[in-house]
Protein chains: 2
Amino acid sequence: MITYQTTVLEEWVDYNGHLRDAFYLLIFSYATDAFMTRIGIDPQRDQQSLFTLECHLNYLHEVKRGAAVEVRTQVIAHDQKRLHLYHDLLVCGQGITAAASEQMLLHVNLRGPQSAPFNEATVMQLGSIREQQSHLPTPPYCGRTIGLAPATSGR
Amino acid sequence: MITYQTTVLEEWVDYNGHLRDAFYLLIFSYATDAFMTRIGIDPQRDQQSLFTLECHLNYLHEVKRGAAVEVRTQVIAHDQKRLHLYHDLLVCGQGITAAASEQMLLHVNLRGPQSAPFNEATVMQLGSIREQQSHLPTPPYCGRTIGLAPATSGR
């Protein structure tokens, strides 16, 4: 499921002309916004939104200024209030996955703000997407922990 | 060790006036740049730099437009080429930790580009910082994995 497409903007690159680490996450953040719309959550209309609790990124390839990229999104799991998403960032036409990001999101009633169960319509949408994606394997950069392996530690 | 201080800029906030998830990482990214300078790595002079391999963020509190924030940084570990850093984002004057980020960084010779061992001067700097920080406990959001606990899963 493609959730976001863009070209890499001038203000997102560093002195080397490569996408800066934080702007990979900005692209993933826009993809999450688009996914939120797709599952029927509209902050302005409903005073409900998704807050990011936690995220993880793996950087796999450099991306240059002006490159066309797209984000593909997989639902890993959800419960009544939380949604576990996985995004891949692909460089269009090159078949390269440039980065991967896992995100844990919380459904929030903005009037509190406080956490709130997903609406029934959103639960149905999530179920339908899960079914469409049921053939997909668990993605490679899912469930990772950051750390140096003891054998290579310089301590 | 305070590595970066800023106020939250207008272009970093969402429609609610809160810092967007990706811009927490931009602030951490600037903190990593400042830390890199502190350990004697200068991309322009030496054609060496740090590339982010992987990072993890935990969002703990909202941060509003115009808030004064600072990043405090702890060295978790390093080997010959890799550096494991931990950043806290604090809202100044409020004693609130707004977010935490773990990062795994790779030392790179930009002429390749290819991974390269740290220079001796950098290894000395890292050793000195590790010694200054030896009284600090392992930070709370270190080594985390994203996932829904089975008991709360809605599947």
# chains A, B, ... in the order shown; residues from 1 in each chain; ligands from 1

$ select_by_dssp --residues "segment 8-110 of chain B" --states "alpha helix (DSSP H)" --output "PyMOL selection string"
chain B and resi 21-38+43-46

$ interface_residues --of "chain B" --to "chain A" --cutoff "7 Å" --atoms "only C-alpha atoms" --output "mmCIF file with N, CA and C atoms, in the first residue's frame"
data_model
loop_
_atom_site.group_PDB
_atom_site.id
_atom_site.type_symbol
_atom_site.label_atom_id
_atom_site.label_comp_id
_atom_site.auth_asym_id
_atom_site.auth_seq_id
_atom_site.Cartn_x
_atom_site.Cartn_y
_atom_site.Cartn_z
ATOM 1 N N ASP B 21 6.593 15.056 15.237
ATOM 2 C CA ASP B 21 7.504 13.963 15.618
ATOM 3 C C ASP B 21 8.867 14.039 14.921
ATOM 4 N N ALA B 22 8.860 14.340 13.612
ATOM 5 C CA ALA B 22 10.120 14.351 12.867
ATOM 6 C C ALA B 22 11.063 15.465 13.335
ATOM 7 N N PHE B 23 10.502 16.540 13.885
ATOM 8 C CA PHE B 23 11.363 17.661 14.274
ATOM 9 C C PHE B 23 11.993 17.470 15.655
ATOM 10 N N LEU B 25 13.402 14.676 16.085
ATOM 11 C CA LEU B 25 14.615 14.020 15.568
ATOM 12 C C LEU B 25 15.555 15.031 14.928
ATOM 13 N N LEU B 26 15.009 16.094 14.322
ATOM 14 C CA LEU B 26 15.900 17.114 13.759
ATOM 15 C C LEU B 26 16.733 17.758 14.870
ATOM 16 N N SER B 29 19.301 15.393 15.820
ATOM 17 C CA SER B 29 20.288 15.316 14.744
ATOM 18 C C SER B 29 21.304 16.471 14.859
ATOM 19 N N THR B 52 24.166 8.031 10.350
ATOM 20 C CA THR B 52 23.220 7.346 11.232
ATOM 21 C C THR B 52 22.851 5.995 10.612
ATOM 22 N N LEU B 53 23.066 4.924 11.369
ATOM 23 C CA LEU B 53 22.662 3.592 10.905
ATOM 24 C C LEU B 53 21.229 3.289 11.346
ATOM 25 N N GLU B 54 20.918 3.739 12.574
ATOM 26 C CA GLU B 54 19.671 3.291 13.182
ATOM 27 C C GLU B 54 19.344 4.248 14.328
ATOM 28 N N CYS B 55 18.079 4.532 14.535
ATOM 29 C CA CYS B 55 17.730 5.311 15.717
ATOM 30 C C CYS B 55 16.359 4.923 16.248
ATOM 31 N N HIS B 56 16.125 5.288 17.476
ATOM 32 C CA HIS B 56 14.887 4.937 18.172
ATOM 33 C C HIS B 56 14.465 6.171 18.960
ATOM 34 N N LEU B 57 13.197 6.488 18.938
ATOM 35 C CA LEU B 57 12.706 7.644 19.683
ATOM 36 C C LEU B 57 11.529 7.260 20.556
ATOM 37 N N ASN B 58 11.499 7.814 21.766
ATOM 38 C CA ASN B 58 10.339 7.721 22.642
ATOM 39 C C ASN B 58 9.829 9.132 22.905
ATOM 40 N N TYR B 59 8.544 9.323 22.623
ATOM 41 C CA TYR B 59 7.899 10.621 22.807
ATOM 42 C C TYR B 59 7.176 10.607 24.147
ATOM 43 N N HIS B 78 30.990 2.346 22.378
ATOM 44 C CA HIS B 78 31.526 2.506 21.023
ATOM 45 C C HIS B 78 32.467 1.345 20.743
ATOM 46 N N ASP B 79 32.669 1.082 19.456
ATOM 47 C CA ASP B 79 33.748 0.174 19.077
ATOM 48 C C ASP B 79 34.672 0.949 18.135
ATOM 49 N N GLN B 80 35.401 0.272 17.277
ATOM 50 C CA GLN B 80 36.383 0.981 16.448
ATOM 51 C C GLN B 80 35.750 1.950 15.452
ATOM 52 N N MET B 104 22.591 4.765 16.704
ATOM 53 C CA MET B 104 23.806 4.027 16.362
ATOM 54 C C MET B 104 24.408 4.706 15.132
ATOM 55 N N GLY B 143 17.655 0.476 24.647
ATOM 56 C CA GLY B 143 17.478 -0.945 24.332
ATOM 57 C C GLY B 143 16.041 -1.389 24.166
ATOM 58 N N ARG B 144 15.183 -0.455 23.787
ATOM 59 C CA ARG B 144 13.762 -0.788 23.662
ATOM 60 C C ARG B 144 13.415 -1.444 22.323
ATOM 61 N N THR B 145 12.354 -2.231 22.355
ATOM 62 C CA THR B 145 11.783 -2.853 21.162
ATOM 63 C C THR B 145 10.333 -2.399 21.045
ATOM 64 N N ILE B 146 9.880 -2.094 19.837
ATOM 65 C CA ILE B 146 8.496 -1.670 19.626
ATOM 66 C C ILE B 146 7.594 -2.892 19.468
ATOM 67 N N GLY B 147 6.470 -2.886 20.150
ATOM 68 C CA GLY B 147 5.514 -3.973 19.980
ATOM 69 C C GLY B 147 4.371 -3.844 20.975
ATOM 70 N N THR B 152 -2.767 -7.011 25.537
ATOM 71 C CA THR B 152 -3.593 -5.886 25.101
ATOM 72 C C THR B 152 -3.875 -5.921 23.603
ATOM 73 N N SER B 153 -3.402 -6.970 22.909
ATOM 74 C CA SER B 153 -3.586 -7.016 21.468
ATOM 75 C C SER B 153 -5.054 -7.225 21.108
ATOM 76 N N GLY B 154 -5.506 -6.469 20.120
ATOM 77 C CA GLY B 154 -6.893 -6.597 19.684
ATOM 78 C C GLY B 154 -7.067 -7.611 18.570
ATOM 79 N N ARG B 155 -6.014 -8.338 18.236
ATOM 80 C CA ARG B 155 -6.098 -9.284 17.113
ATOM 81 C C ARG B 155 -6.973 -10.481 17.444
#

$ calpha_fit_and_write --fixed "chain B" --moving "chain A" --output "PDB file with C-alpha atoms, in the first residue's frame"
ATOM      1  CA  MET A   1      26.566  17.037  28.857  1.00  0.00           C
ATOM      2  CA  ILE A   2      24.432  19.638  27.069  1.00  0.00           C
ATOM      3  CA  THR A   3      25.034  19.334  23.320  1.00  0.00           C
ATOM      4  CA  TYR A   4      22.316  21.518  21.794  1.00  0.00           C
ATOM      5  CA  GLN A   5      19.934  24.325  22.765  1.00  0.00           C
ATOM      6  CA  THR A   6      17.205  25.927  20.689  1.00  0.00           C
ATOM      7  CA  THR A   7      13.692  27.298  20.805  1.00  0.00           C
ATOM      8  CA  VAL A   8      10.939  25.444  18.938  1.00  0.00           C
ATOM      9  CA  LEU A   9      10.495  27.169  15.569  1.00  0.00           C
ATOM     10  CA  GLU A  10       7.209  27.945  13.828  1.00  0.00           C
ATOM     11  CA  GLU A  11       8.051  25.634  10.902  1.00  0.00           C
ATOM     12  CA  TRP A  12       8.511  22.662  13.272  1.00  0.00           C
ATOM     13  CA  VAL A  13       4.989  22.630  14.739  1.00  0.00           C
ATOM     14  CA  ASP A  14       1.764  21.030  13.484  1.00  0.00           C
ATOM     15  CA  TYR A  15      -1.705  22.564  13.221  1.00  0.00           C
ATOM     16  CA  ASN A  16      -2.067  22.232  17.011  1.00  0.00           C
ATOM     17  CA  GLY A  17       1.085  24.244  17.703  1.00  0.00           C
ATOM     18  CA  HIS A  18       2.973  21.164  18.934  1.00  0.00           C
ATOM     19  CA  LEU A  19       6.387  20.004  17.791  1.00  0.00           C
ATOM     20  CA  ARG A  20       5.905  17.407  15.024  1.00  0.00           C
ATOM     21  CA  ASP A  21       7.513  13.972  15.623  1.00  0.00           C
ATOM     22  CA  ALA A  22      10.135  14.356  12.873  1.00  0.00           C
ATOM     23  CA  PHE A  23      11.359  17.674  14.274  1.00  0.00           C
ATOM     24  CA  TYR A  24      12.204  16.124  17.634  1.00  0.00           C
ATOM     25  CA  LEU A  25      14.615  14.028  15.571  1.00  0.00           C
ATOM     26  CA  LEU A  26      15.910  17.123  13.756  1.00  0.00           C
ATOM     27  CA  ILE A  27      16.841  18.620  17.144  1.00  0.00           C
ATOM     28  CA  PHE A  28      18.531  15.332  18.120  1.00  0.00           C
ATOM     29  CA  SER A  29      20.295  15.326  14.739  1.00  0.00           C
ATOM     30  CA  TYR A  30      21.718  18.803  15.410  1.00  0.00           C
ATOM     31  CA  ALA A  31      22.832  17.543  18.843  1.00  0.00           C
ATOM     32  CA  THR A  32      24.664  14.657  17.177  1.00  0.00           C
ATOM     33  CA  ASP A  33      26.369  17.141  14.832  1.00  0.00           C
ATOM     34  CA  ALA A  34      27.493  19.193  17.838  1.00  0.00           C
ATOM     35  CA  PHE A  35      28.726  16.049  19.599  1.00  0.00           C
ATOM     36  CA  MET A  36      30.645  15.062  16.468  1.00  0.00           C
ATOM     37  CA  THR A  37      32.439  18.422  16.529  1.00  0.00           C
ATOM     38  CA  ARG A  38      33.212  17.918  20.221  1.00  0.00           C
ATOM     39  CA  ILE A  39      34.983  14.609  19.528  1.00  0.00           C
ATOM     40  CA  GLY A  40      37.049  16.186  16.770  1.00  0.00           C
ATOM     41  CA  ILE A  41      35.325  15.005  13.604  1.00  0.00           C
ATOM     42  CA  ASP A  42      35.099  17.742  10.963  1.00  0.00           C
ATOM     43  CA  PRO A  43      33.576  16.619   7.631  1.00  0.00           C
ATOM     44  CA  GLN A  44      34.809  19.629   5.670  1.00  0.00           C
ATOM     45  CA  ARG A  45      38.378  19.476   6.986  1.00  0.00           C
ATOM     46  CA  ASP A  46      38.941  15.718   7.247  1.00  0.00           C
ATOM     47  CA  GLN A  47      36.461  14.209   4.789  1.00  0.00           C
ATOM     48  CA  GLN A  48      35.179  12.088   7.670  1.00  0.00           C
ATOM     49  CA  SER A  49      31.746  12.078   9.188  1.00  0.00           C
ATOM     50  CA  LEU A  50      29.193  10.090  11.187  1.00  0.00           C
ATOM     51  CA  PHE A  51      26.328   8.392   9.339  1.00  0.00           C
ATOM     52  CA  THR A  52      23.218   7.345  11.235  1.00  0.00           C
ATOM     53  CA  LEU A  53      22.652   3.601  10.915  1.00  0.00           C
ATOM     54  CA  GLU A  54      19.659   3.296  13.186  1.00  0.00           C
ATOM     55  CA  CYS A  55      17.727   5.322  15.728  1.00  0.00           C
ATOM     56  CA  HIS A  56      14.890   4.944  18.190  1.00  0.00           C
ATOM     57  CA  LEU A  57      12.705   7.652  19.689  1.00  0.00           C
ATOM     58  CA  ASN A  58      10.350   7.736  22.648  1.00  0.00           C
ATOM     59  CA  TYR A  59       7.904  10.622  22.803  1.00  0.00           C
ATOM     60  CA  LEU A  60       7.061  11.507  26.407  1.00  0.00           C
ATOM     61  CA  HIS A  61       5.540  15.000  26.364  1.00  0.00           C
ATOM     62  CA  GLU A  62       4.236  17.514  23.879  1.00  0.00           C
ATOM     63  CA  VAL A  63       6.419  20.567  23.261  1.00  0.00           C
ATOM     64  CA  LYS A  64       4.865  23.862  22.217  1.00  0.00           C
ATOM     65  CA  ARG A  65       5.866  26.460  19.655  1.00  0.00           C
ATOM     66  CA  GLY A  66       8.493  28.825  21.113  1.00  0.00           C
ATOM     67  CA  ALA A  67       9.522  26.545  24.000  1.00  0.00           C
ATOM     68  CA  ALA A  68      13.192  26.649  25.008  1.00  0.00           C
ATOM     69  CA  VAL A  69      14.664  23.148  24.914  1.00  0.00           C
ATOM     70  CA  GLU A  70      18.037  21.507  25.356  1.00  0.00           C
ATOM     71  CA  VAL A  71      19.571  18.132  24.543  1.00  0.00           C
ATOM     72  CA  ARG A  72      21.712  16.185  27.042  1.00  0.00           C
ATOM     73  CA  THR A  73      23.849  13.432  25.624  1.00  0.00           C
ATOM     74  CA  GLN A  74      25.337  10.258  27.075  1.00  0.00           C
ATOM     75  CA  VAL A  75      27.794   7.893  25.368  1.00  0.00           C
ATOM     76  CA  ILE A  76      26.489   4.352  25.843  1.00  0.00           C
ATOM     77  CA  ALA A  77      29.242   2.463  24.021  1.00  0.00           C
ATOM     78  CA  HIS A  78      31.524   2.498  21.021  1.00  0.00           C
ATOM     79  CA  ASP A  79      33.755   0.159  19.086  1.00  0.00           C
ATOM     80  CA  GLN A  80      36.377   0.977  16.438  1.00  0.00           C
ATOM     81  CA  LYS A  81      33.880   2.413  13.952  1.00  0.00           C
ATOM     82  CA  ARG A  82      30.535   2.673  15.681  1.00  0.00           C
ATOM     83  CA  LEU A  83      29.160   4.962  18.353  1.00  0.00           C
ATOM     84  CA  HIS A  84      26.035   4.344  20.439  1.00  0.00           C
ATOM     85  CA  LEU A  85      24.644   7.653  21.758  1.00  0.00           C
ATOM     86  CA  TYR A  86      21.651   8.502  23.926  1.00  0.00           C
ATOM     87  CA  HIS A  87      19.967  11.920  23.897  1.00  0.00           C
ATOM     88  CA  ASP A  88      17.364  13.418  26.226  1.00  0.00           C
ATOM     89  CA  LEU A  89      15.288  16.420  25.125  1.00  0.00           C
ATOM     90  CA  LEU A  90      14.435  18.655  28.087  1.00  0.00           C
ATOM     91  CA  VAL A  91      12.087  21.602  28.255  1.00  0.00           C
ATOM     92  CA  CYS A  92      14.148  24.294  29.971  1.00  0.00           C
ATOM     93  CA  GLY A  93      12.967  25.470  33.379  1.00  0.00           C
ATOM     94  CA  GLN A  94      10.300  22.775  33.652  1.00  0.00           C
ATOM     95  CA  GLY A  95      12.364  19.719  34.536  1.00  0.00           C
ATOM     96  CA  ILE A  96      10.421  17.749  31.913  1.00  0.00           C
ATOM     97  CA  THR A  97      12.014  15.179  29.641  1.00  0.00           C
ATOM     98  CA  ALA A  98       9.977  15.547  26.454  1.00  0.00           C
ATOM     99  CA  ALA A  99      11.639  12.763  24.459  1.00  0.00           C
ATOM    100  CA  ALA A 100      14.552  10.352  24.366  1.00  0.00           C
ATOM    101  CA  SER A 101      16.515   9.034  21.418  1.00  0.00           C
ATOM    102  CA  GLU A 102      19.057   6.301  20.981  1.00  0.00           C
ATOM    103  CA  GLN A 103      21.298   6.405  17.946  1.00  0.00           C
ATOM    104  CA  MET A 104      23.808   4.042  16.363  1.00  0.00           C
ATOM    105  CA  LEU A 105      26.296   5.976  14.248  1.00  0.00           C
ATOM    106  CA  LEU A 106      28.976   4.805  11.839  1.00  0.00           C
ATOM    107  CA  HIS A 107      32.269   6.610  11.267  1.00  0.00           C
ATOM    108  CA  VAL A 108      32.749   7.077   7.530  1.00  0.00           C
ATOM    109  CA  ASN A 109      35.541   8.216   5.246  1.00  0.00           C
ATOM    110  CA  LEU A 110      33.653  10.405   2.777  1.00  0.00           C
ATOM    111  CA  ARG A 111      36.210   9.769   0.018  1.00  0.00           C
ATOM    112  CA  GLY A 112      34.791   6.238  -0.400  1.00  0.00           C
ATOM    113  CA  PRO A 113      32.385   6.641   1.125  1.00  0.00           C
ATOM    114  CA  GLN A 114      33.302   3.693   3.321  1.00  0.00           C
ATOM    115  CA  SER A 115      33.371   2.916   7.008  1.00  0.00           C
ATOM    116  CA  ALA A 116      36.633   3.757   8.784  1.00  0.00           C
ATOM    117  CA  PRO A 117      38.049   3.442  12.316  1.00  0.00           C
ATOM    118  CA  PHE A 118      37.879   6.531  14.537  1.00  0.00           C
ATOM    119  CA  ASN A 119      41.059   8.631  14.630  1.00  0.00           C
ATOM    120  CA  GLU A 120      43.193   8.282  17.755  1.00  0.00           C
ATOM    121  CA  ALA A 121      42.249  11.779  18.935  1.00  0.00           C
ATOM    122  CA  THR A 122      38.548  10.886  18.722  1.00  0.00           C
ATOM    123  CA  VAL A 123      39.083   7.631  20.639  1.00  0.00           C
ATOM    124  CA  MET A 124      40.807   9.637  23.406  1.00  0.00           C
ATOM    125  CA  GLN A 125      37.933  12.146  23.515  1.00  0.00           C
ATOM    126  CA  LEU A 126      35.376   9.345  23.705  1.00  0.00           C
ATOM    127  CA  GLY A 127      37.344   7.691  26.526  1.00  0.00           C
ATOM    128  CA  SER A 128      37.463  10.935  28.457  1.00  0.00           C
ATOM    129  CA  ILE A 129      33.704  11.509  28.071  1.00  0.00           C
ATOM    130  CA  ARG A 130      32.980   7.909  29.116  1.00  0.00           C
ATOM    131  CA  GLU A 131      35.032   8.477  32.252  1.00  0.00           C
ATOM    132  CA  GLN A 132      33.211  11.727  33.097  1.00  0.00           C
ATOM    133  CA  GLN A 133      29.895   9.926  32.606  1.00  0.00           C
ATOM    134  CA  SER A 134      30.817   6.681  34.384  1.00  0.00           C
ATOM    135  CA  HIS A 135      28.561   7.545  37.352  1.00  0.00           C
ATOM    136  CA  LEU A 136      25.463   7.792  35.123  1.00  0.00           C
ATOM    137  CA  PRO A 137      23.084   4.815  35.132  1.00  0.00           C
ATOM    138  CA  THR A 138      21.870   3.199  31.913  1.00  0.00           C
ATOM    139  CA  PRO A 139      19.131   5.550  30.661  1.00  0.00           C
ATOM    140  CA  PRO A 140      15.492   4.431  30.925  1.00  0.00           C
ATOM    141  CA  TYR A 141      14.662   4.300  27.201  1.00  0.00           C
ATOM    142  CA  CYS A 142      17.775   2.403  26.166  1.00  0.00           C
ATOM    143  CA  GLY A 143      17.480  -0.936  24.353  1.00  0.00           C
ATOM    144  CA  ARG A 144      13.763  -0.768  23.692  1.00  0.00           C
ATOM    145  CA  THR A 145      11.781  -2.838  21.179  1.00  0.00           C
ATOM    146  CA  ILE A 146       8.500  -1.667  19.649  1.00  0.00           C
ATOM    147  CA  GLY A 147       5.514  -3.969  20.004  1.00  0.00           C
ATOM    148  CA  LEU A 148       2.089  -4.474  21.533  1.00  0.00           C
ATOM    149  CA  ALA A 149       2.086  -6.649  24.636  1.00  0.00           C
ATOM    150  CA  PRO A 150       0.093  -9.844  23.848  1.00  0.00           C
ATOM    151  CA  ALA A 151      -2.401  -9.190  26.665  1.00  0.00           C
ATOM    152  CA  THR A 152      -3.589  -5.952  25.073  1.00  0.00           C
ATOM    153  CA  SER A 153      -3.565  -7.082  21.442  1.00  0.00           C
ATOM    154  CA  GLY A 154      -6.831  -6.638  19.604  1.00  0.00           C
ATOM    155  CA  ARG A 155      -6.007  -9.336  17.053  1.00  0.00           C
TER     156      ARG A 155
END

$ decode --residues "segment 87-111 of chain A" --atoms "C-alpha atoms" --output "PDB file, in the first residue's frame"
ATOM      1  CA  HIS A  87       6.887   1.950   6.565  1.00  0.00           C
ATOM      2  CA  ASP A  88       9.410   1.334   3.790  1.00  0.00           C
ATOM      3  CA  LEU A  89      10.943   4.263   1.890  1.00  0.00           C
ATOM      4  CA  LEU A  90      11.679   3.316  -1.724  1.00  0.00           C
ATOM      5  CA  VAL A  91      13.582   5.237  -4.354  1.00  0.00           C
ATOM      6  CA  CYS A  92      11.284   5.130  -7.379  1.00  0.00           C
ATOM      7  CA  GLY A  93      12.530   3.257 -10.434  1.00  0.00           C
ATOM      8  CA  GLN A  94      15.572   1.858  -8.635  1.00  0.00           C
ATOM      9  CA  GLY A  95      14.043  -0.926  -6.563  1.00  0.00           C
ATOM     10  CA  ILE A  96      16.052   0.308  -3.568  1.00  0.00           C
ATOM     11  CA  THR A  97      14.685   0.401  -0.043  1.00  0.00           C
ATOM     12  CA  ALA A  98      16.407   3.461   1.410  1.00  0.00           C
ATOM     13  CA  ALA A  99      15.024   3.198   4.947  1.00  0.00           C
ATOM     14  CA  ALA A 100      12.492   1.447   7.145  1.00  0.00           C
ATOM     15  CA  SER A 101      10.529   2.755  10.098  1.00  0.00           C
ATOM     16  CA  GLU A 102       8.383   1.147  12.730  1.00  0.00           C
ATOM     17  CA  GLN A 103       5.934   3.311  14.617  1.00  0.00           C
ATOM     18  CA  MET A 104       3.683   2.840  17.634  1.00  0.00           C
ATOM     19  CA  LEU A 105       0.793   5.297  17.525  1.00  0.00           C
ATOM     20  CA  LEU A 106      -1.859   6.156  20.092  1.00  0.00           C
ATOM     21  CA  HIS A 107      -5.412   7.187  19.229  1.00  0.00           C
ATOM     22  CA  VAL A 108      -6.227  10.380  21.113  1.00  0.00           C
ATOM     23  CA  ASN A 109      -9.315  12.466  21.764  1.00  0.00           C
ATOM     24  CA  LEU A 110      -7.951  15.989  21.343  1.00  0.00           C
ATOM     25  CA  ARG A 111     -10.584  17.456  23.681  1.00  0.00           C
TER      26      ARG A 111
END
